[in-house]
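Peer 1: Input file: work.txt. Contents: compact mmCIF, N, CA and C atoms.
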```txt
# COMPACT_ATOMS: atom_id res chain seq x y z
N GLN L 1 116.02 102.68 108.80
CA GLN L 1 114.60 102.95 108.93
C GLN L 1 114.00 103.20 107.54
N VAL L 2 112.69 103.09 107.49
CA VAL L 2 111.98 103.28 106.23
C VAL L 2 112.15 104.72 105.76
N GLN L 3 112.46 104.86 104.48
CA GLN L 3 112.48 106.18 103.85
C GLN L 3 111.77 106.08 102.51
N LEU L 4 110.96 107.08 102.24
CA LEU L 4 110.22 107.16 100.98
C LEU L 4 110.37 108.58 100.46
N VAL L 5 110.86 108.71 99.24
CA VAL L 5 111.09 110.03 98.66
C VAL L 5 110.35 110.10 97.33
N GLU L 6 109.30 110.92 97.32
CA GLU L 6 108.51 111.10 96.12
C GLU L 6 109.03 112.29 95.32
N SER L 7 108.91 112.21 94.01
CA SER L 7 109.36 113.30 93.15
C SER L 7 108.58 113.26 91.85
N GLY L 8 108.72 114.34 91.08
CA GLY L 8 108.12 114.39 89.76
C GLY L 8 106.86 115.22 89.65
N GLY L 9 106.39 115.76 90.75
CA GLY L 9 105.21 116.58 90.70
C GLY L 9 105.46 117.91 90.01
N GLY L 10 104.39 118.67 89.83
CA GLY L 10 104.53 119.97 89.19
C GLY L 10 103.18 120.52 88.80
N LEU L 11 103.24 121.58 88.00
CA LEU L 11 102.04 122.24 87.50
C LEU L 11 101.83 121.82 86.05
N VAL L 12 100.62 121.38 85.75
CA VAL L 12 100.31 120.92 84.40
C VAL L 12 98.89 121.33 84.05
N LYS L 13 98.64 121.54 82.79
CA LYS L 13 97.30 121.90 82.35
C LYS L 13 96.43 120.65 82.26
N ALA L 14 95.15 120.85 82.39
CA ALA L 14 94.20 119.75 82.26
C ALA L 14 94.43 119.03 80.92
N GLY L 15 94.39 117.71 80.99
CA GLY L 15 94.67 116.91 79.82
C GLY L 15 96.12 116.49 79.67
N GLY L 16 96.98 117.10 80.48
CA GLY L 16 98.40 116.79 80.42
C GLY L 16 98.77 115.54 81.19
N SER L 17 100.07 115.30 81.24
CA SER L 17 100.60 114.09 81.89
C SER L 17 101.75 114.44 82.82
N LEU L 18 101.92 113.60 83.81
CA LEU L 18 103.07 113.65 84.71
C LEU L 18 103.45 112.23 85.09
N ARG L 19 104.72 112.05 85.40
CA ARG L 19 105.18 110.76 85.91
C ARG L 19 105.85 110.98 87.26
N LEU L 20 105.27 110.40 88.27
CA LEU L 20 105.82 110.49 89.61
C LEU L 20 106.72 109.29 89.90
N SER L 21 107.73 109.55 90.70
CA SER L 21 108.64 108.49 91.12
C SER L 21 108.70 108.44 92.64
N CYS L 22 108.98 107.27 93.14
CA CYS L 22 109.14 107.09 94.59
C CYS L 22 110.35 106.19 94.82
N ALA L 23 111.32 106.71 95.54
CA ALA L 23 112.51 105.93 95.90
C ALA L 23 112.35 105.43 97.32
N ALA L 24 112.45 104.14 97.50
CA ALA L 24 112.22 103.53 98.81
C ALA L 24 113.51 102.92 99.35
N SER L 25 113.65 102.95 100.66
CA SER L 25 114.80 102.32 101.31
C SER L 25 114.42 101.96 102.73
N GLY L 26 115.24 101.12 103.35
CA GLY L 26 115.03 100.76 104.74
C GLY L 26 114.16 99.54 104.96
N PHE L 27 113.75 98.89 103.89
CA PHE L 27 112.98 97.66 104.00
C PHE L 27 113.18 96.86 102.72
N THR L 28 112.75 95.61 102.74
CA THR L 28 112.93 94.75 101.58
C THR L 28 111.83 95.07 100.57
N PHE L 29 112.14 96.03 99.74
CA PHE L 29 111.15 96.60 98.81
C PHE L 29 110.47 95.53 97.96
N SER L 30 111.25 94.59 97.48
CA SER L 30 110.72 93.61 96.53
C SER L 30 109.70 92.65 97.14
N ARG L 31 109.55 92.69 98.46
CA ARG L 31 108.61 91.80 99.13
C ARG L 31 107.38 92.51 99.65
N TYR L 32 107.18 93.76 99.23
CA TYR L 32 106.03 94.53 99.69
C TYR L 32 105.19 95.03 98.52
N ASP L 33 103.87 94.92 98.70
CA ASP L 33 102.98 95.68 97.82
C ASP L 33 103.22 97.16 98.08
N MET L 34 103.13 97.95 97.04
CA MET L 34 103.33 99.40 97.17
C MET L 34 102.10 100.13 96.66
N GLY L 35 101.80 101.24 97.28
CA GLY L 35 100.63 102.01 96.90
C GLY L 35 100.96 103.46 96.67
N TRP L 36 100.09 104.11 95.93
CA TRP L 36 100.11 105.56 95.78
C TRP L 36 98.84 106.10 96.44
N PHE L 37 98.99 107.22 97.10
CA PHE L 37 97.91 107.87 97.82
C PHE L 37 97.99 109.36 97.51
N ARG L 38 96.91 110.07 97.78
CA ARG L 38 96.95 111.51 97.57
C ARG L 38 96.06 112.21 98.59
N GLN L 39 96.39 113.46 98.81
CA GLN L 39 95.63 114.27 99.76
C GLN L 39 95.44 115.65 99.19
N ALA L 40 94.20 115.99 98.94
CA ALA L 40 93.86 117.33 98.46
C ALA L 40 93.62 118.24 99.66
N PRO L 41 93.75 119.55 99.46
CA PRO L 41 93.53 120.48 100.58
C PRO L 41 92.16 120.28 101.21
N GLY L 42 92.15 120.17 102.52
CA GLY L 42 90.91 120.04 103.24
C GLY L 42 90.26 118.68 103.18
N LYS L 43 90.94 117.72 102.56
CA LYS L 43 90.37 116.38 102.43
C LYS L 43 91.28 115.34 103.07
N GLU L 44 90.72 114.17 103.32
CA GLU L 44 91.50 113.09 103.88
C GLU L 44 92.38 112.46 102.79
N ARG L 45 93.45 111.82 103.24
CA ARG L 45 94.30 111.10 102.31
C ARG L 45 93.52 109.93 101.73
N GLU L 46 93.64 109.74 100.42
CA GLU L 46 92.88 108.69 99.78
C GLU L 46 93.78 107.78 98.95
N PHE L 47 93.31 106.57 98.78
CA PHE L 47 94.00 105.57 98.00
C PHE L 47 93.88 105.91 96.51
N VAL L 48 94.99 105.78 95.79
CA VAL L 48 94.99 105.98 94.35
C VAL L 48 95.13 104.64 93.62
N GLY L 49 96.09 103.85 94.05
CA GLY L 49 96.30 102.56 93.42
C GLY L 49 97.40 101.80 94.12
N ARG L 50 97.54 100.51 93.77
CA ARG L 50 98.60 99.72 94.37
C ARG L 50 99.11 98.70 93.37
N ILE L 51 100.32 98.23 93.63
CA ILE L 51 100.94 97.22 92.79
C ILE L 51 101.51 96.15 93.71
N THR L 52 101.25 94.90 93.39
CA THR L 52 101.70 93.81 94.24
C THR L 52 103.19 93.53 94.05
N TRP L 53 103.77 92.91 95.08
CA TRP L 53 105.19 92.62 94.99
C TRP L 53 105.46 91.39 94.16
N SER L 54 104.51 90.45 94.14
CA SER L 54 104.78 89.13 93.57
C SER L 54 104.66 89.12 92.05
N ASP L 55 103.63 89.78 91.52
CA ASP L 55 103.41 89.69 90.08
C ASP L 55 103.07 91.04 89.46
N SER L 56 103.30 92.12 90.22
CA SER L 56 103.03 93.49 89.75
C SER L 56 101.60 93.66 89.28
N HIS L 57 100.69 92.98 89.94
CA HIS L 57 99.27 93.18 89.63
C HIS L 57 98.84 94.53 90.19
N THR L 58 98.07 95.26 89.43
CA THR L 58 97.68 96.60 89.84
C THR L 58 96.17 96.70 90.08
N ARG L 59 95.84 97.65 90.93
CA ARG L 59 94.44 97.96 91.22
C ARG L 59 94.37 99.46 91.45
N TYR L 60 93.27 100.07 90.98
CA TYR L 60 93.15 101.53 91.03
C TYR L 60 91.81 101.95 91.61
N SER L 61 91.78 103.17 92.14
CA SER L 61 90.51 103.74 92.54
C SER L 61 89.70 104.06 91.29
N ASP L 62 88.40 104.16 91.47
CA ASP L 62 87.52 104.43 90.34
C ASP L 62 87.86 105.77 89.68
N SER L 63 88.31 106.72 90.47
CA SER L 63 88.53 108.06 89.97
C SER L 63 89.74 108.17 89.04
N VAL L 64 90.65 107.21 89.09
CA VAL L 64 91.86 107.31 88.27
C VAL L 64 92.01 106.14 87.31
N ARG L 65 91.18 105.14 87.45
CA ARG L 65 91.31 103.95 86.58
C ARG L 65 91.24 104.38 85.13
N ASP L 66 92.03 103.78 84.32
CA ASP L 66 92.14 104.03 82.87
C ASP L 66 92.90 105.31 82.54
N ARG L 67 93.31 106.07 83.54
CA ARG L 67 94.13 107.26 83.31
C ARG L 67 95.52 107.15 83.94
N PHE L 68 95.60 106.47 85.06
CA PHE L 68 96.86 106.34 85.80
C PHE L 68 97.37 104.91 85.68
N THR L 69 98.70 104.78 85.69
CA THR L 69 99.33 103.47 85.63
C THR L 69 100.48 103.41 86.63
N ILE L 70 100.46 102.38 87.46
CA ILE L 70 101.53 102.17 88.43
C ILE L 70 102.47 101.09 87.89
N SER L 71 103.75 101.32 88.10
CA SER L 71 104.75 100.31 87.76
C SER L 71 105.83 100.33 88.85
N ARG L 72 106.68 99.32 88.83
CA ARG L 72 107.74 99.26 89.83
C ARG L 72 108.99 98.64 89.21
N ASP L 73 110.11 99.00 89.81
CA ASP L 73 111.40 98.43 89.42
C ASP L 73 112.06 97.94 90.70
N ASN L 74 111.99 96.65 90.94
CA ASN L 74 112.54 96.11 92.18
C ASN L 74 114.06 96.21 92.25
N ASN L 75 114.70 96.32 91.10
CA ASN L 75 116.16 96.48 91.10
C ASN L 75 116.57 97.86 91.58
N LYS L 76 115.68 98.83 91.39
CA LYS L 76 115.99 100.20 91.79
C LYS L 76 115.24 100.61 93.06
N ASN L 77 114.48 99.67 93.64
CA ASN L 77 113.65 100.02 94.81
C ASN L 77 112.80 101.24 94.52
N ALA L 78 112.13 101.23 93.39
CA ALA L 78 111.36 102.39 92.97
C ALA L 78 109.98 101.97 92.47
N VAL L 79 109.04 102.86 92.69
CA VAL L 79 107.68 102.68 92.18
C VAL L 79 107.30 103.98 91.48
N TYR L 80 106.51 103.84 90.42
CA TYR L 80 106.19 104.98 89.56
C TYR L 80 104.68 105.11 89.40
N LEU L 81 104.27 106.33 89.11
CA LEU L 81 102.86 106.60 88.82
C LEU L 81 102.80 107.47 87.58
N GLN L 82 102.38 106.86 86.47
CA GLN L 82 102.18 107.61 85.24
C GLN L 82 100.75 108.12 85.24
N MET L 83 100.61 109.42 85.13
CA MET L 83 99.31 110.06 85.18
C MET L 83 99.02 110.75 83.86
N ASN L 84 98.00 110.30 83.19
CA ASN L 84 97.58 110.87 81.91
C ASN L 84 96.20 111.48 82.03
N SER L 85 95.86 112.30 81.06
CA SER L 85 94.53 112.93 81.03
C SER L 85 94.19 113.56 82.38
N LEU L 86 95.12 114.32 82.90
CA LEU L 86 94.94 114.89 84.24
C LEU L 86 93.79 115.88 84.27
N LYS L 87 93.13 115.91 85.41
CA LYS L 87 91.97 116.78 85.63
C LYS L 87 92.27 117.69 86.83
N PRO L 88 91.61 118.84 86.91
CA PRO L 88 91.83 119.71 88.07
C PRO L 88 91.57 118.99 89.39
N GLU L 89 90.66 118.06 89.42
CA GLU L 89 90.36 117.34 90.65
C GLU L 89 91.45 116.35 91.05
N ASP L 90 92.45 116.18 90.20
CA ASP L 90 93.61 115.36 90.57
C ASP L 90 94.63 116.16 91.37
N THR L 91 94.40 117.46 91.52
CA THR L 91 95.32 118.30 92.29
C THR L 91 95.38 117.82 93.73
N ALA L 92 96.59 117.54 94.19
CA ALA L 92 96.79 116.99 95.53
C ALA L 92 98.29 116.81 95.76
N VAL L 93 98.64 116.50 96.99
CA VAL L 93 99.97 116.01 97.30
C VAL L 93 99.91 114.48 97.18
N TYR L 94 100.84 113.94 96.44
CA TYR L 94 100.87 112.49 96.17
C TYR L 94 101.97 111.85 97.00
N TYR L 95 101.61 110.71 97.57
CA TYR L 95 102.51 109.95 98.43
C TYR L 95 102.58 108.50 97.96
N CYS L 96 103.72 107.89 98.18
CA CYS L 96 103.81 106.44 98.02
C CYS L 96 104.00 105.83 99.41
N ASN L 97 103.67 104.56 99.53
CA ASN L 97 103.90 103.86 100.78
C ASN L 97 103.69 102.38 100.55
N ARG L 98 104.10 101.62 101.50
CA ARG L 98 103.75 100.21 101.47
C ARG L 98 102.24 100.10 101.58
N HIS L 99 101.71 99.08 100.95
CA HIS L 99 100.26 98.93 100.96
C HIS L 99 99.88 97.62 101.64
N PRO L 100 98.95 97.65 102.56
CA PRO L 100 98.18 98.82 103.00
C PRO L 100 99.00 99.70 103.94
N ALA L 101 98.55 100.93 104.11
CA ALA L 101 99.23 101.87 104.97
C ALA L 101 98.19 102.61 105.82
N SER L 102 98.59 103.02 107.00
CA SER L 102 97.73 103.81 107.86
C SER L 102 98.40 105.15 108.14
N MET L 103 97.63 106.08 108.63
CA MET L 103 98.16 107.41 108.88
C MET L 103 99.23 107.39 109.98
N SER L 104 99.26 106.35 110.79
CA SER L 104 100.26 106.26 111.85
C SER L 104 101.59 105.71 111.34
N ASP L 105 101.62 105.25 110.10
CA ASP L 105 102.85 104.77 109.50
C ASP L 105 103.74 105.94 109.12
N TYR L 106 104.99 105.65 108.84
CA TYR L 106 105.88 106.67 108.31
C TYR L 106 105.41 107.07 106.91
N TRP L 107 105.45 108.36 106.63
CA TRP L 107 105.13 108.87 105.29
C TRP L 107 106.24 109.83 104.87
N GLY L 108 106.53 109.84 103.60
CA GLY L 108 107.48 110.79 103.07
C GLY L 108 106.86 112.17 102.96
N GLN L 109 107.57 113.06 102.30
CA GLN L 109 107.10 114.44 102.21
C GLN L 109 106.07 114.63 101.11
N GLY L 110 105.97 113.66 100.22
CA GLY L 110 105.02 113.78 99.13
C GLY L 110 105.51 114.71 98.03
N THR L 111 104.78 114.73 96.94
CA THR L 111 105.09 115.62 95.83
C THR L 111 103.80 116.27 95.35
N GLN L 112 103.84 117.58 95.17
CA GLN L 112 102.65 118.34 94.83
C GLN L 112 102.34 118.24 93.34
N VAL L 113 101.11 117.91 93.04
CA VAL L 113 100.61 117.92 91.66
C VAL L 113 99.49 118.94 91.59
N THR L 114 99.63 119.88 90.68
CA THR L 114 98.61 120.91 90.50
C THR L 114 98.18 120.89 89.04
N VAL L 115 96.89 120.72 88.83
CA VAL L 115 96.35 120.67 87.48
C VAL L 115 95.46 121.89 87.27
N SER L 116 95.82 122.71 86.32
CA SER L 116 95.05 123.92 86.04
C SER L 116 94.03 123.66 84.95
N SER L 117 92.93 124.36 85.05
CA SER L 117 91.84 124.16 84.08
C SER L 117 92.03 125.06 82.86
```
Have the structure of the file written as structure tokens, please.

Peer 2:
Amino acid sequence: QVQLVESGGGLVKAGGSLRLSCAASGFTFSRYDMGWFRQAPGKEREFVGRITWSDSHTRYSDSVRDRFTISRDNNKNAVYLQMNSLKPEDTAVYYCNRHPASMSDYWGQGTQVTVSS
């Protein structure tokens, strides 16, 4: 079955950086677009960005474009999210999943990112 394990979150000051990792298993990773999503307290889960399976083309939400970078390693069944110039409003639990994804899909436990001002 599908398993997604996110890691790399933590507490960082505004302006700092973090690199999140997602280990995927249970499906043919190299044939799926992958996305990063986040959910802040009291808010709905939102799209952060995605990377295609075929040519690693990336697309980002307006709120993170030019600060976040998604990459993938199909040999390791892993997808990464490099986050730079972090802001307090980036505080959320971050999730990876196949893209597109719905709330009825399987989701991992996520990784908490907290940005202090």

Peer 1: Please compute the atom CA of L:Pro100-atom CA of L:Ser54 distance, one decimal, in Å.

Peer 2: 15.0 Å

Peer 1: Just how far from atom CA of L:Leu11 is atom CA of L:Ser56, in Å to one decimal?

Peer 2: 28.9 Å

Peer 1: What is the atom C of L:Gly16 to atom C of L:Lys87 distance in Å?

Peer 2: 8.9 Å

Peer 1: Mind listing whatever residues come within 12 Å of the point (103.1, 96.4, 99.8)? Use only C-alpha atoms, file coordinates, and give them as a ChimeraX atom specification.

Peer 2: /L:24,27-36,49-58,72,79,96-101

Peer 1: When distances are computed from only C-alpha atoms, which of L:Ser117, L:Gly15, L:Tyr106, L:Cys22 shows the smallest separation from L:Ala78?

Peer 2: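 Smallest distance to L:Ala78 is found for L:Cys22.
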
Peer 1: For the strand (DSSP E) assignment from backbone DSSP, which residues of chain L qualify? Please present them as a ChimeraX atom specification.

Peer 2: /L:3-7,10-13,18-25,34-39,46-51,58-60,68-73,78-83,92-98,111-116

Peer 1: For L:Val12, list every protein, DNA or RNA residue within 8 Å, evaluated using only C-alpha atoms, and leave out those in the same chain fewer than 5 positions away; present the list as a PyMOL selection string.

Peer 2: chain L and resi 17-18+113-116
